[in-house]
>>> print(open('run-v3.txt').read())   # compact mmCIF, C-alpha atoms
# COMPACT_ATOMS: atom_id res chain seq x y z
CA MET A 3 -2.01 28.62 14.77
CA GLY A 4 -1.16 25.07 13.93
CA GLU A 5 -0.94 23.96 17.54
CA PHE A 6 -3.46 22.42 19.89
CA ASN A 7 -3.68 25.62 21.94
CA GLU A 8 -6.47 27.02 19.77
CA PHE A 9 -8.76 24.44 21.39
CA SER A 10 -10.37 24.13 24.80
CA ILE A 11 -8.49 22.32 27.58
CA THR A 12 -10.75 19.30 27.15
CA VAL A 13 -10.14 19.02 23.41
CA ARG A 14 -6.42 19.58 23.90
CA ALA A 15 -6.32 16.71 26.39
CA VAL A 16 -8.10 14.42 23.93
CA LEU A 17 -5.82 15.37 21.05
CA GLY A 18 -2.71 15.03 23.19
CA ALA A 19 -3.61 11.51 24.29
CA TYR A 20 -4.96 10.33 20.95
CA ARG A 21 -3.05 7.64 19.07
CA TRP A 22 -2.82 9.09 15.57
CA ARG A 23 -2.95 6.65 12.66
CA ARG A 24 0.48 6.60 11.00
CA ILE A 25 0.57 6.04 7.25
CA ASP A 26 3.42 3.61 6.67
CA PRO A 27 4.60 3.07 4.05
CA VAL A 28 3.53 6.34 2.47
CA PRO A 29 2.06 5.68 -0.99
CA TRP A 30 3.17 7.99 -3.76
CA THR A 31 1.84 8.63 -7.25
CA PRO A 32 4.08 11.04 -9.16
CA LEU A 33 2.41 13.56 -11.39
CA GLU A 34 2.98 12.36 -14.94
CA LYS A 35 1.60 15.27 -16.95
CA PRO A 36 1.13 19.04 -16.72
CA LEU A 37 -1.58 20.33 -14.43
CA SER A 38 -3.17 21.96 -17.46
CA GLU A 39 -4.00 18.44 -18.67
CA CYS A 40 -5.09 17.06 -15.30
CA ARG A 41 -8.57 16.31 -14.00
CA LEU A 42 -9.11 17.61 -10.47
CA ALA A 43 -11.35 16.33 -7.68
CA LEU A 44 -12.05 18.18 -4.45
CA VAL A 45 -12.34 16.25 -1.21
CA SER A 46 -13.52 18.13 1.85
CA SER A 47 -14.06 17.00 5.42
CA ALA A 48 -16.34 19.93 6.27
CA GLY A 49 -19.42 17.72 6.52
CA PHE A 50 -21.26 19.47 3.70
CA VAL A 51 -24.30 17.75 2.20
CA LEU A 52 -26.81 18.80 -0.44
CA PRO A 53 -30.51 19.30 0.33
CA ASP A 54 -31.46 15.86 -1.03
CA GLN A 55 -28.73 14.02 0.90
CA GLN A 56 -28.66 12.50 4.36
CA PRO A 57 -26.88 14.63 6.93
CA PHE A 58 -23.77 13.12 8.49
CA ASP A 59 -24.53 11.32 11.74
CA GLU A 60 -22.73 12.82 14.72
CA SER A 61 -24.11 10.14 16.99
CA LEU A 62 -22.15 7.29 15.36
CA ARG A 63 -19.55 5.98 17.77
CA GLY A 64 -16.08 6.62 16.39
CA GLY A 65 -17.44 9.03 13.79
CA ASP A 66 -19.44 8.88 10.57
CA PHE A 67 -17.12 7.26 8.01
CA SER A 68 -19.48 7.71 5.03
CA TYR A 69 -19.12 10.22 2.23
CA ARG A 70 -21.38 12.14 -0.13
CA ARG A 71 -20.88 12.65 -3.86
CA ILE A 72 -21.08 16.31 -4.83
CA PRO A 73 -21.84 16.93 -8.53
CA SER A 74 -19.41 19.25 -10.24
CA ASP A 75 -22.15 21.68 -11.25
CA VAL A 76 -23.12 22.32 -7.62
CA GLU A 77 -23.75 25.87 -6.46
CA GLY A 78 -22.08 26.82 -3.20
CA SER A 79 -25.39 28.11 -1.89
CA GLU A 80 -26.71 24.53 -1.92
CA PHE A 81 -24.29 23.29 0.72
CA ILE A 82 -25.63 22.48 4.15
CA ASP A 83 -23.10 22.35 6.96
CA THR A 84 -23.85 19.21 9.01
CA HIS A 85 -20.53 19.19 10.86
CA ARG A 86 -21.65 19.63 14.46
CA SER A 87 -18.21 20.07 16.00
CA GLU A 88 -18.06 23.03 18.35
CA SER A 89 -14.28 23.01 18.36
CA PHE A 90 -14.09 25.39 15.41
CA ASP A 91 -15.87 28.51 14.20
CA HIS A 92 -18.43 27.73 11.49
CA THR A 93 -19.11 31.37 10.61
CA GLY A 94 -16.71 31.54 7.67
CA LEU A 95 -18.06 28.34 6.11
CA GLY A 96 -21.56 29.72 6.41
CA SER A 97 -20.72 32.86 4.50
CA ASP A 98 -18.43 31.24 1.93
CA PRO A 99 -18.35 27.43 1.49
CA ASN A 100 -15.33 27.90 -0.82
CA LEU A 101 -13.27 28.13 2.36
CA ALA A 102 -13.43 24.34 2.65
CA PHE A 103 -15.01 23.28 -0.63
CA PRO A 104 -13.49 25.62 -3.22
CA ILE A 105 -15.73 24.75 -6.13
CA ASP A 106 -15.78 28.31 -7.50
CA ARG A 107 -12.01 28.58 -7.22
CA ALA A 108 -11.64 25.23 -8.99
CA ARG A 109 -13.81 26.44 -11.87
CA GLU A 110 -11.63 29.55 -12.09
CA LEU A 111 -8.52 27.35 -12.26
CA VAL A 112 -10.03 25.49 -15.20
CA ALA A 113 -11.10 28.74 -16.89
CA SER A 114 -7.57 30.12 -16.58
CA GLY A 115 -6.04 26.94 -17.99
CA ARG A 116 -4.10 26.12 -14.82
CA ILE A 117 -6.12 22.87 -14.45
CA GLY A 118 -7.45 20.79 -17.32
CA SER A 119 -10.90 19.79 -16.06
CA LEU A 120 -12.97 18.93 -13.02
CA ALA A 121 -14.20 15.53 -11.90
CA ARG A 122 -17.84 14.70 -12.52
CA SER A 123 -18.29 14.34 -8.76
CA HIS A 124 -16.34 15.63 -5.80
CA LEU A 125 -16.45 14.13 -2.31
CA SER A 126 -17.63 15.30 1.07
CA PHE A 127 -16.67 13.61 4.33
CA MET A 128 -17.15 14.64 7.92
CA GLY A 129 -13.82 14.79 9.61
CA SER A 130 -14.63 13.97 13.22
CA ILE A 131 -13.63 10.33 12.87
CA THR A 132 -11.85 9.11 15.99
CA ALA A 133 -11.98 5.42 14.99
CA PRO A 134 -10.92 5.43 11.32
CA GLY A 135 -10.83 1.66 10.79
CA ARG A 136 -13.92 1.49 8.60
CA LEU A 137 -12.86 4.63 6.74
CA VAL A 138 -9.51 3.06 5.85
CA ARG A 139 -10.92 -0.38 5.12
CA ASP A 140 -14.14 0.49 3.29
CA THR A 141 -15.15 4.01 2.37
CA ALA A 142 -11.82 5.62 1.51
CA PRO A 143 -10.86 2.87 -0.99
CA GLU A 144 -14.38 2.98 -2.45
CA ALA A 145 -14.20 6.76 -2.79
CA ALA A 146 -10.75 6.55 -4.37
CA SER A 147 -12.00 3.98 -6.90
CA LEU A 148 -14.90 6.25 -7.77
CA LEU A 149 -12.50 9.04 -8.68
CA ALA A 150 -10.12 6.71 -10.48
CA HIS A 151 -12.97 5.46 -12.68
CA ASP A 152 -13.71 9.09 -13.53
CA SER A 153 -10.10 9.41 -14.77
CA VAL A 154 -9.21 11.84 -12.00
CA ASP A 155 -5.49 12.65 -11.98
CA ILE A 156 -5.19 14.90 -8.95
CA ALA A 157 -7.11 15.47 -5.74
CA LEU A 158 -7.05 18.38 -3.35
CA LEU A 159 -8.09 17.47 0.18
CA ILE A 160 -9.28 20.10 2.62
CA PRO A 161 -9.90 19.63 6.35
CA VAL A 162 -11.68 22.14 8.57
CA MET B 29 -9.49 14.73 13.50
CA CYS B 30 -10.25 16.37 10.16
CA ASN B 31 -6.53 16.52 9.41
CA GLN B 32 -6.14 12.79 9.96
CA THR B 33 -9.29 11.97 7.98
CA VAL B 34 -8.22 13.77 4.81
CA SER B 35 -4.71 12.33 5.15
CA LEU B 36 -6.00 8.76 5.32
CA VAL B 37 -8.27 9.36 2.33
CA ALA B 38 -5.34 10.89 0.43
CA ALA B 39 -3.28 7.76 1.03
CA GLU B 40 -6.01 5.58 -0.48
CA MET B 41 -6.17 7.82 -3.51
CA GLU B 42 -2.42 7.62 -4.03
CA ARG B 43 -2.74 3.83 -3.91
CA LYS B 44 -5.30 4.11 -6.72
CA GLY B 45 -2.97 6.20 -8.90
CA ILE B 46 -4.23 9.68 -8.03
CA SER B 47 -1.70 12.33 -7.02
CA THR B 48 -2.89 14.19 -3.94
CA VAL B 49 -2.15 17.23 -1.87
CA ALA B 50 -3.77 17.70 1.52
CA ILE B 51 -4.13 20.99 3.35
CA GLN B 52 -3.17 20.59 7.01
CA LEU B 53 -4.08 22.82 9.94
CA LEU B 54 -2.06 21.02 12.62
CA ARG B 55 1.61 20.53 11.85
CA LYS B 56 2.13 18.06 14.69
CA VAL B 57 -0.64 15.86 13.37
CA ALA B 58 0.70 16.01 9.81
CA GLU B 59 4.11 14.91 11.07
CA LYS B 60 2.59 11.95 12.90
CA VAL B 61 0.05 10.81 10.29
CA ARG B 62 2.25 11.54 7.25
CA PRO B 63 -0.05 12.31 4.30
CA PRO B 64 1.87 11.89 1.01
CA ARG B 65 1.90 15.60 0.13
CA ALA B 66 0.79 18.20 2.65
CA LEU B 67 0.63 21.97 2.78
CA PHE B 68 0.57 23.22 6.35
CA VAL B 69 -1.37 26.50 6.58
CA PRO B 70 -1.18 28.89 9.57
CA PHE B 71 -4.91 29.44 9.77
CA ARG B 72 -7.38 28.49 12.47
CA HIS B 73 -9.76 25.57 12.14
CA GLY B 74 -12.76 26.45 10.03
CA TYR B 75 -10.60 28.63 7.76
CA PRO B 76 -8.37 26.25 5.77
CA LEU B 77 -8.23 28.52 2.73
CA ASP B 78 -7.57 31.67 4.74
CA ALA B 79 -10.59 33.99 4.50
CA PRO B 80 -14.23 33.89 3.36
CA GLY B 81 -15.17 36.01 0.35
CA GLU B 82 -11.51 36.57 -0.58
CA PRO B 83 -10.87 34.71 -3.86
CA ALA B 84 -7.29 36.02 -4.24
CA ARG B 85 -6.31 34.81 -0.79
CA GLN B 86 -7.96 31.45 -1.40
CA HIS B 87 -6.17 31.14 -4.74
CA ALA B 88 -2.85 31.88 -3.04
CA VAL B 89 -3.29 28.77 -0.88
CA LEU B 90 -4.53 26.68 -3.79
CA ASP B 91 -1.62 27.73 -5.96
CA ALA B 92 0.87 26.73 -3.26
CA ALA B 93 -0.88 23.36 -2.99
CA LEU B 94 -0.80 22.82 -6.75
CA ARG B 95 2.90 23.69 -6.84
CA LEU B 96 3.53 20.80 -4.45
CA LEU B 97 2.06 18.47 -7.04
CA GLU B 98 4.45 19.84 -9.61
CA THR B 99 7.57 19.27 -7.49
CA ARG B 100 9.49 16.69 -9.46
CA ASP B 101 12.31 15.72 -7.12
CA ALA B 102 10.19 15.16 -4.01
CA SER B 103 9.83 11.93 -2.11
CA ALA B 104 7.09 10.95 0.30
CA PRO B 105 6.05 12.28 2.70
CA VAL B 106 6.28 15.95 1.72
CA LEU B 107 5.25 18.57 4.28
CA VAL B 108 5.67 22.22 3.28
CA ASP B 109 4.69 25.35 5.19
CA PHE B 110 2.47 27.90 3.47
CA GLU B 111 3.99 31.31 4.02
CA PRO B 112 1.33 33.96 3.37
CA GLU B 113 3.77 36.83 3.06
CA LEU B 114 5.57 35.07 0.20
CA ASN B 115 2.46 34.33 -1.82
CA PRO B 116 0.85 36.91 -4.09
CA GLY B 117 -2.77 37.53 -3.18
CA SER B 118 -2.36 36.52 0.42
CA ARG B 119 -2.43 39.25 3.04
CA GLY B 120 -1.11 37.19 5.89
CA ALA B 121 -2.37 34.89 8.59
CA HIS B 122 -5.38 35.66 10.74
CA PRO B 123 -4.62 37.26 14.09
>>> encode(input="run-v3.txt", output="structure tokens")
Amino acid sequence: MGEFNEFSITVRAVLGAYRWRRIDPVPWTPLEKPLSECRLALVSSAGFVLPDQQPFDESLRGGDFSYRRIPSDVEGSEFIDTHRSESFDHTGLGSDPNLAFPIDRARELVASGRIGSLARSHLSFMGSITAPGRLVRDTAPEAASLLAHDSVDIALLIPV
Amino acid sequence: MCNQTVSLVAAEMERKGISTVAIQLLRKVAEKVRPPRALFVPFRHGYPLDAPGEPARQHAVLDAALRLLETRDASAPVLVDFEPELNPGSRGAHP
């Protein structure tokens, strides 16, 4: 695991030739207080949407760079997997969305006192973005501002 | 691409004053993209928190991620391997 060899030859060739976006300089916000006083937001790239939300659009060239707000009181059973990628097994996500959007685990962390509170809204992206320019320029800063205005201290980001 | 996407979003959040930790499923990609704090997990794509319906195993990954946030003397970028056998609740990587 952790290497390209879990993918098909075609996907491996694409990943091997792809010019990955390098973060430079790497921004850094040190944690200034105990986790037990921090507000947590979840950010998943599993392509989950809720029944009243638009599915992510696989047909967009370069990938769908939009995001969906997921209210903190969501039930895992409400998630709809709109990530169409065939390069990974969706079975686990179907049986337990916590695998990539651990909302139940996050509530347990708050209940145990490990985390202070949860954000009002969490964020869902779809990760198959090969041309991330608009993500970096537009939607990621907008999403980050949304969480900052909700006084979020920490974010856990989960790819699939 | 998911690994790059969450890394780029994490960087924007750090710029807005939010401390982040990103799970990563491809170590090579994490090394190239350089998210601020990353926990590399030895699980296949589609299973970033180990196993469905296994809260203890999922918590083991989450706890390791949270501990990265608590590391005081770190400097960016931080990339740490999740070692299932060293984490209570985890039963090891998928075959």
>>> residues_around(input="run-v3.txt", residues="Val108 of chain B", least_positions_apart="2", cutoff="7 Å", atoms="all atoms listed in the file", output="list in words")
Ala66, Leu67, Phe68, Val106 and Phe110 of chain B
>>> interface_residues(input="run-v3.txt", of="chain B", to="chain A", cutoff="7 Å", atoms="all atoms listed in the file", output="PyMOL selection string")
chain B and resi 29-31+33-34+36-37+39-55+60-64+70-77+79-81+87+97-98+104-105
>>> write_last_selection(input="run-v3.txt", atoms="C-alpha atoms", output="mmCIF file, in the frame of the given file")
data_model
loop_
_atom_site.group_PDB
_atom_site.id
_atom_site.type_symbol
_atom_site.label_atom_id
_atom_site.label_comp_id
_atom_site.auth_asym_id
_atom_site.auth_seq_id
_atom_site.Cartn_x
_atom_site.Cartn_y
_atom_site.Cartn_z
ATOM 1 C CA MET B 29 -9.490 14.730 13.500
ATOM 2 C CA CYS B 30 -10.250 16.370 10.160
ATOM 3 C CA ASN B 31 -6.530 16.520 9.410
ATOM 4 C CA THR B 33 -9.290 11.970 7.980
ATOM 5 C CA VAL B 34 -8.220 13.770 4.810
ATOM 6 C CA LEU B 36 -6.000 8.760 5.320
ATOM 7 C CA VAL B 37 -8.270 9.360 2.330
ATOM 8 C CA ALA B 39 -3.280 7.760 1.030
ATOM 9 C CA GLU B 40 -6.010 5.580 -0.480
ATOM 10 C CA MET B 41 -6.170 7.820 -3.510
ATOM 11 C CA GLU B 42 -2.420 7.620 -4.030
ATOM 12 C CA ARG B 43 -2.740 3.830 -3.910
ATOM 13 C CA LYS B 44 -5.300 4.110 -6.720
ATOM 14 C CA GLY B 45 -2.970 6.200 -8.900
ATOM 15 C CA ILE B 46 -4.230 9.680 -8.030
ATOM 16 C CA SER B 47 -1.700 12.330 -7.020
ATOM 17 C CA THR B 48 -2.890 14.190 -3.940
ATOM 18 C CA VAL B 49 -2.150 17.230 -1.870
ATOM 19 C CA ALA B 50 -3.770 17.700 1.520
ATOM 20 C CA ILE B 51 -4.130 20.990 3.350
ATOM 21 C CA GLN B 52 -3.170 20.590 7.010
ATOM 22 C CA LEU B 53 -4.080 22.820 9.940
ATOM 23 C CA LEU B 54 -2.060 21.020 12.620
ATOM 24 C CA ARG B 55 1.610 20.530 11.850
ATOM 25 C CA LYS B 60 2.590 11.950 12.900
ATOM 26 C CA VAL B 61 0.050 10.810 10.290
ATOM 27 C CA ARG B 62 2.250 11.540 7.250
ATOM 28 C CA PRO B 63 -0.050 12.310 4.300
ATOM 29 C CA PRO B 64 1.870 11.890 1.010
ATOM 30 C CA PRO B 70 -1.180 28.890 9.570
ATOM 31 C CA PHE B 71 -4.910 29.440 9.770
ATOM 32 C CA ARG B 72 -7.380 28.490 12.470
ATOM 33 C CA HIS B 73 -9.760 25.570 12.140
ATOM 34 C CA GLY B 74 -12.760 26.450 10.030
ATOM 35 C CA TYR B 75 -10.600 28.630 7.760
ATOM 36 C CA PRO B 76 -8.370 26.250 5.770
ATOM 37 C CA LEU B 77 -8.230 28.520 2.730
ATOM 38 C CA ALA B 79 -10.590 33.990 4.500
ATOM 39 C CA PRO B 80 -14.230 33.890 3.360
ATOM 40 C CA GLY B 81 -15.170 36.010 0.350
ATOM 41 C CA HIS B 87 -6.170 31.140 -4.740
ATOM 42 C CA LEU B 97 2.060 18.470 -7.040
ATOM 43 C CA GLU B 98 4.450 19.840 -9.610
ATOM 44 C CA ALA B 104 7.090 10.950 0.300
ATOM 45 C CA PRO B 105 6.050 12.280 2.700
#
>>> atom_distance(input="run-v3.txt", atom1="atom CA of Arg136 of chain A", atom2="atom CA of Ser103 of chain B")
28.1 Å
>>> atom_distance(input="run-v3.txt", atom1="atom CA of Leu107 of chain B", atom2="atom CA of Asp91 of chain B")
15.4 Å
>>> atom_distance(input="run-v3.txt", atom1="atom CA of Ser10 of chain A", atom2="atom CA of Val57 of chain B")
17.1 Å
>>> residues_around(input="run-v3.txt", residues="Ala88 of chain B", least_positions_apart="6", cutoff="6 Å", atoms="only C-alpha atoms", output="JSON, numbers by chain")
{"B": [115, 117, 118]}
>>> closest_residue(input="run-v3.txt", among="B:Pro112, B:Glu59, B:Ala102, B:Ala38", to="Gln86 of chain B", atoms="only C-alpha atoms")
B:Pro112
>>> build_atoms(input="run-v3.txt", residues="segment 131-142 of chain A", atoms="N, CA and C atoms", output="mmCIF file, in the frame of the given file")
data_model
loop_
_atom_site.group_PDB
_atom_site.id
_atom_site.type_symbol
_atom_site.label_atom_id
_atom_site.label_comp_id
_atom_site.auth_asym_id
_atom_site.auth_seq_id
_atom_site.Cartn_x
_atom_site.Cartn_y
_atom_site.Cartn_z
ATOM 1 N N ILE A 131 -13.673 11.794 12.813
ATOM 2 C CA ILE A 131 -13.630 10.330 12.870
ATOM 3 C C ILE A 131 -12.500 9.922 13.813
ATOM 4 N N THR A 132 -12.876 9.490 15.005
ATOM 5 C CA THR A 132 -11.850 9.110 15.990
ATOM 6 C C THR A 132 -11.424 7.652 15.827
ATOM 7 N N ALA A 133 -12.298 6.836 15.229
ATOM 8 C CA ALA A 133 -11.980 5.420 14.990
ATOM 9 C C ALA A 133 -12.014 5.196 13.473
ATOM 10 N N PRO A 134 -10.894 5.409 12.788
ATOM 11 C CA PRO A 134 -10.920 5.430 11.320
ATOM 12 C C PRO A 134 -10.805 4.069 10.642
ATOM 13 N N GLY A 135 -10.988 2.989 11.377
ATOM 14 C CA GLY A 135 -10.830 1.660 10.790
ATOM 15 C C GLY A 135 -11.710 1.421 9.573
ATOM 16 N N ARG A 136 -12.998 1.737 9.719
ATOM 17 C CA ARG A 136 -13.920 1.490 8.600
ATOM 18 C C ARG A 136 -13.692 2.475 7.462
ATOM 19 N N LEU A 137 -13.222 3.661 7.790
ATOM 20 C CA LEU A 137 -12.860 4.630 6.740
ATOM 21 C C LEU A 137 -11.723 4.061 5.895
ATOM 22 N N VAL A 138 -10.689 3.568 6.562
ATOM 23 C CA VAL A 138 -9.510 3.060 5.850
ATOM 24 C C VAL A 138 -9.827 1.775 5.092
ATOM 25 N N ARG A 139 -10.643 0.929 5.725
ATOM 26 C CA ARG A 139 -10.920 -0.380 5.120
ATOM 27 C C ARG A 139 -11.969 -0.298 4.010
ATOM 28 N N ASP A 140 -12.987 0.528 4.197
ATOM 29 C CA ASP A 140 -14.140 0.490 3.290
ATOM 30 C C ASP A 140 -14.337 1.771 2.463
ATOM 31 N N THR A 141 -14.666 2.854 3.134
ATOM 32 C CA THR A 141 -15.150 4.010 2.370
ATOM 33 C C THR A 141 -14.049 4.779 1.634
ATOM 34 N N ALA A 142 -12.880 4.889 2.221
ATOM 35 C CA ALA A 142 -11.820 5.620 1.510
ATOM 36 C C ALA A 142 -11.394 4.893 0.234
#
